[in-house]
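Here's the structure we're looking at; comments come further down.
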Amino acid sequence: MGNLIVIRGNSGSGKTVTANALHEQLGENNLLIPQDYVRRTMLRVKDTPKNLSIDLIKEMALFGIKNCRYTIIEGILPASKYGQMLFEMIDQADQSFIYYYDLPFEETVKRHQEKMNPGFDEVDLAKWFRPHDLLQVTGEKGH
């Protein structure tokens with residue numbers, strides 16, 4: 001069995017950059033599962049409760065936990081939609097490291113304005129923003 005790393009947070013919080021750097025640093029035999037890629041690119045589904053990406057992320061994470069040293073799940077991953085699946089994955093792993101990047105809304109807006117082509121505006125960010133959306137699991141780190 002392998003270890004699980006979950007990196008969650010609002011848009012623009014730095015979770016994707018961190019997850020990609022960690023994946024690179026850990027080297028081979030590690031799985032990175034980016035929520036946006038699974039949901040938007042692979043499945044092209046909206047982020048509604050019980051959307052198909054939840055089950056696909058779960059299946060990929062189970063594969064990673066069984067076959068890889070580390071499995072990294074990264075994304076906004078709102079607790080109301082993804083929490084149950086994440087709890088199940090935490091229980092499956094040898095060790096779990098859970099992080100939530102808790103930045104103020106103003107900071108996420110500022111970071112998106114600095115991007116070359118953010119693809120969405122402040123109204124979209126406000127719809128997605130979930131302050132203090134911790135999973136409330138043992139060992140969870142909020143930053």
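Convention: chains lettered A, B, ... in structure tokens order; per-chain residue numbering from 1; ligands numbered from 1 as shown.
Every residue of stretch 69-112 of chain A with a DSSP assignment of strand (DSSP E), taken from the backbone, is listed as A:Tyr70, A:Thr71, A:Ile72, A:Ile73, A:Glu74, A:Gly75, A:Ser96, A:Phe97, A:Ile98, A:Tyr99, A:Tyr100, A:Tyr101.
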Would you write out those residues with C-alpha atoms, as a PDB file, in the first residue's frame?
```pdb
ATOM      1  CA  TYR A  70       2.716   8.253  -3.312  1.00  0.00           C
ATOM      2  CA  THR A  71      -0.590   9.297  -4.813  1.00  0.00           C
ATOM      3  CA  ILE A  72      -1.230  13.035  -4.981  1.00  0.00           C
ATOM      4  CA  ILE A  73      -4.780  14.321  -5.421  1.00  0.00           C
ATOM      5  CA  GLU A  74      -4.880  18.038  -6.172  1.00  0.00           C
ATOM      6  CA  GLY A  75      -7.750  20.464  -6.727  1.00  0.00           C
ATOM      7  CA  SER A  96      -2.151  10.370   4.524  1.00  0.00           C
ATOM      8  CA  PHE A  97      -0.950  13.950   4.335  1.00  0.00           C
ATOM      9  CA  ILE A  98      -3.831  16.404   3.944  1.00  0.00           C
ATOM     10  CA  TYR A  99      -3.290  20.094   3.155  1.00  0.00           C
ATOM     11  CA  TYR A 100      -5.758  22.919   2.636  1.00  0.00           C
ATOM     12  CA  TYR A 101      -4.528  26.245   1.212  1.00  0.00           C
TER      13      TYR A 101
END
```
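Minimum atom-to-atom distances from A:Pro78, A:Asp102, A:Asn3, A:Ala21 to A:Lys141 were compared using only C-alpha atoms, and the lowest value belongs to A:Asp102.
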I want to know what sits within 12 Å of stretch 126-129 of chain A, based on only C-alpha atoms, with residues of the same chain fewer than 5 positions away left out; could you give that as an NGL selection string? :A and (9-13 or 47-48 or 75-78 or 101-109 or 120-121)
Write the residues you've just listed into a file as a PDB file, in the first residue's frame, and include N, CA, C and O atoms for each of them.
```pdb
ATOM      1  N   GLY A   9      -7.631  23.521  -2.039  1.00  0.00           N
ATOM      2  CA  GLY A   9      -7.691  24.951  -1.788  1.00  0.00           C
ATOM      3  C   GLY A   9      -8.419  25.655  -2.905  1.00  0.00           C
ATOM      4  O   GLY A   9      -8.729  25.060  -3.938  1.00  0.00           O
ATOM      5  N   ASN A  10      -8.685  26.914  -2.696  1.00  0.00           N
ATOM      6  CA  ASN A  10      -9.400  27.703  -3.688  1.00  0.00           C
ATOM      7  C   ASN A  10      -8.538  27.976  -4.903  1.00  0.00           C
ATOM      8  O   ASN A  10      -7.317  27.808  -4.880  1.00  0.00           O
ATOM      9  N   SER A  11      -9.194  28.393  -5.956  1.00  0.00           N
ATOM     10  CA  SER A  11      -8.517  28.728  -7.200  1.00  0.00           C
ATOM     11  C   SER A  11      -7.474  29.809  -6.929  1.00  0.00           C
ATOM     12  O   SER A  11      -7.723  30.759  -6.191  1.00  0.00           O
ATOM     13  N   GLY A  12      -6.289  29.626  -7.502  1.00  0.00           N
ATOM     14  CA  GLY A  12      -5.231  30.610  -7.333  1.00  0.00           C
ATOM     15  C   GLY A  12      -4.442  30.496  -6.048  1.00  0.00           C
ATOM     16  O   GLY A  12      -3.638  31.369  -5.740  1.00  0.00           O
ATOM     17  N   SER A  13      -4.632  29.433  -5.293  1.00  0.00           N
ATOM     18  CA  SER A  13      -3.962  29.313  -4.001  1.00  0.00           C
ATOM     19  C   SER A  13      -2.548  28.750  -4.088  1.00  0.00           C
ATOM     20  O   SER A  13      -1.816  28.783  -3.112  1.00  0.00           O
ATOM     21  N   ASP A  47     -18.896  20.728 -12.284  1.00  0.00           N
ATOM     22  CA  ASP A  47     -18.552  20.343 -10.911  1.00  0.00           C
ATOM     23  C   ASP A  47     -19.796  20.338 -10.025  1.00  0.00           C
ATOM     24  O   ASP A  47     -19.939  21.134  -9.109  1.00  0.00           O
ATOM     25  N   THR A  48     -20.680  19.416 -10.319  1.00  0.00           N
ATOM     26  CA  THR A  48     -21.918  19.259  -9.564  1.00  0.00           C
ATOM     27  C   THR A  48     -21.757  18.110  -8.561  1.00  0.00           C
ATOM     28  O   THR A  48     -20.852  17.288  -8.698  1.00  0.00           O
ATOM     29  N   GLY A  75      -6.648  19.707  -6.146  1.00  0.00           N
ATOM     30  CA  GLY A  75      -7.750  20.464  -6.727  1.00  0.00           C
ATOM     31  C   GLY A  75      -8.499  21.268  -5.682  1.00  0.00           C
ATOM     32  O   GLY A  75      -8.198  21.211  -4.498  1.00  0.00           O
ATOM     33  N   ILE A  76      -9.502  21.997  -6.139  1.00  0.00           N
ATOM     34  CA  ILE A  76     -10.363  22.715  -5.208  1.00  0.00           C
ATOM     35  C   ILE A  76     -11.052  21.696  -4.310  1.00  0.00           C
ATOM     36  O   ILE A  76     -11.093  21.842  -3.105  1.00  0.00           O
ATOM     37  N   LEU A  77     -11.597  20.645  -4.904  1.00  0.00           N
ATOM     38  CA  LEU A  77     -12.170  19.505  -4.177  1.00  0.00           C
ATOM     39  C   LEU A  77     -13.046  19.923  -2.996  1.00  0.00           C
ATOM     40  O   LEU A  77     -12.748  19.592  -1.835  1.00  0.00           O
ATOM     41  N   PRO A  78     -14.137  20.655  -3.250  1.00  0.00           N
ATOM     42  CA  PRO A  78     -15.004  21.087  -2.142  1.00  0.00           C
ATOM     43  C   PRO A  78     -15.443  19.903  -1.279  1.00  0.00           C
ATOM     44  O   PRO A  78     -15.824  18.854  -1.795  1.00  0.00           O
ATOM     45  N   TYR A 101      -5.075  24.904   1.398  1.00  0.00           N
ATOM     46  CA  TYR A 101      -4.528  26.245   1.212  1.00  0.00           C
ATOM     47  C   TYR A 101      -5.670  27.240   1.400  1.00  0.00           C
ATOM     48  O   TYR A 101      -6.527  27.367   0.537  1.00  0.00           O
ATOM     49  N   ASP A 102      -5.663  27.927   2.512  1.00  0.00           N
ATOM     50  CA  ASP A 102      -6.775  28.783   2.923  1.00  0.00           C
ATOM     51  C   ASP A 102      -6.404  30.257   2.767  1.00  0.00           C
ATOM     52  O   ASP A 102      -6.059  30.922   3.733  1.00  0.00           O
ATOM     53  N   LEU A 103      -6.482  30.753   1.540  1.00  0.00           N
ATOM     54  CA  LEU A 103      -6.164  32.155   1.272  1.00  0.00           C
ATOM     55  C   LEU A 103      -7.430  32.998   1.246  1.00  0.00           C
ATOM     56  O   LEU A 103      -8.498  32.505   0.894  1.00  0.00           O
ATOM     57  N   PRO A 104      -7.331  34.281   1.573  1.00  0.00           N
ATOM     58  CA  PRO A 104      -8.494  35.162   1.469  1.00  0.00           C
ATOM     59  C   PRO A 104      -8.905  35.345   0.003  1.00  0.00           C
ATOM     60  O   PRO A 104      -8.081  35.245  -0.911  1.00  0.00           O
ATOM     61  N   PHE A 105     -10.169  35.645  -0.200  1.00  0.00           N
ATOM     62  CA  PHE A 105     -10.701  35.830  -1.545  1.00  0.00           C
ATOM     63  C   PHE A 105      -9.917  36.893  -2.316  1.00  0.00           C
ATOM     64  O   PHE A 105      -9.602  36.715  -3.494  1.00  0.00           O
ATOM     65  N   GLU A 106      -9.581  37.988  -1.663  1.00  0.00           N
ATOM     66  CA  GLU A 106      -8.860  39.075  -2.325  1.00  0.00           C
ATOM     67  C   GLU A 106      -7.523  38.597  -2.891  1.00  0.00           C
ATOM     68  O   GLU A 106      -7.100  39.040  -3.957  1.00  0.00           O
ATOM     69  N   GLU A 107      -6.866  37.687  -2.177  1.00  0.00           N
ATOM     70  CA  GLU A 107      -5.579  37.165  -2.647  1.00  0.00           C
ATOM     71  C   GLU A 107      -5.763  36.272  -3.876  1.00  0.00           C
ATOM     72  O   GLU A 107      -4.956  36.308  -4.800  1.00  0.00           O
ATOM     73  N   THR A 108      -6.823  35.468  -3.898  1.00  0.00           N
ATOM     74  CA  THR A 108      -7.049  34.615  -5.075  1.00  0.00           C
ATOM     75  C   THR A 108      -7.355  35.473  -6.299  1.00  0.00           C
ATOM     76  O   THR A 108      -6.892  35.178  -7.400  1.00  0.00           O
ATOM     77  N   VAL A 109      -8.109  36.553  -6.122  1.00  0.00           N
ATOM     78  CA  VAL A 109      -8.403  37.471  -7.233  1.00  0.00           C
ATOM     79  C   VAL A 109      -7.101  38.095  -7.738  1.00  0.00           C
ATOM     80  O   VAL A 109      -6.841  38.135  -8.945  1.00  0.00           O
ATOM     81  N   PHE A 120     -11.107  33.010 -16.594  1.00  0.00           N
ATOM     82  CA  PHE A 120     -12.346  33.313 -15.883  1.00  0.00           C
ATOM     83  C   PHE A 120     -12.164  34.604 -15.110  1.00  0.00           C
ATOM     84  O   PHE A 120     -11.057  35.103 -14.953  1.00  0.00           O
ATOM     85  N   ASP A 121     -13.267  35.145 -14.622  1.00  0.00           N
ATOM     86  CA  ASP A 121     -13.221  36.454 -13.975  1.00  0.00           C
ATOM     87  C   ASP A 121     -13.560  36.369 -12.489  1.00  0.00           C
ATOM     88  O   ASP A 121     -13.773  35.288 -11.939  1.00  0.00           O
TER      89      ASP A 121
END
```
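All residues of protein, DNA or RNA that reach within 9 Å of A:Phe87, judged by only C-alpha atoms and not counting those fewer than 4 positions away in the chain, are Tyr82, Gly83, Asp91, Gln92, Leu135 and Val137 of chain A.
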Restrict the selected residues to N, CA, C and O atoms and save them as a short mmCIF file (atom, residue, chain, number, x, y, z; two decimals), in the first residue's frame.
```
data_model
loop_
_atom_site.label_atom_id
_atom_site.label_comp_id
_atom_site.auth_asym_id
_atom_site.auth_seq_id
_atom_site.Cartn_x
_atom_site.Cartn_y
_atom_site.Cartn_z
N TYR A 82 -16.63 16.29 -2.64
CA TYR A 82 -15.54 15.32 -2.72
C TYR A 82 -15.15 14.74 -1.36
O TYR A 82 -14.33 13.84 -1.30
N GLY A 83 -15.71 15.27 -0.29
CA GLY A 83 -15.31 14.88 1.05
C GLY A 83 -15.43 13.40 1.32
O GLY A 83 -14.48 12.77 1.82
N ASP A 91 -8.61 6.48 4.36
CA ASP A 91 -8.66 5.20 5.08
C ASP A 91 -7.91 4.09 4.36
O ASP A 91 -7.47 3.13 4.99
N GLN A 92 -7.77 4.18 3.05
CA GLN A 92 -7.12 3.14 2.26
C GLN A 92 -5.59 3.23 2.28
O GLN A 92 -4.91 2.24 2.09
N LEU A 135 -11.48 19.48 5.75
CA LEU A 135 -12.14 18.17 5.86
C LEU A 135 -12.35 17.76 7.31
O LEU A 135 -13.10 16.85 7.58
N VAL A 137 -10.14 16.24 9.27
CA VAL A 137 -9.56 14.93 9.54
C VAL A 137 -8.28 15.12 10.36
O VAL A 137 -7.64 16.16 10.31
#
```
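In this comparison, which uses only C-alpha atoms, the residue of A:Val45, A:Ile90, A:Ile65, A:Val123 approaching A:Gly139 most closely is A:Ile90.
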Choose the residue, out of A:Val38, A:Ala93, A:Leu43, A:Leu134, that has the smallest atom-to-atom separation from A:Ser80; count only C-alpha atoms. A:Leu134
If you run DSSP on the backbone here, which positions in stretch 13-53 of chain A get alpha helix (DSSP H)? Please write them as number ranges by chain. A: 15-26, 35-36, 52-53
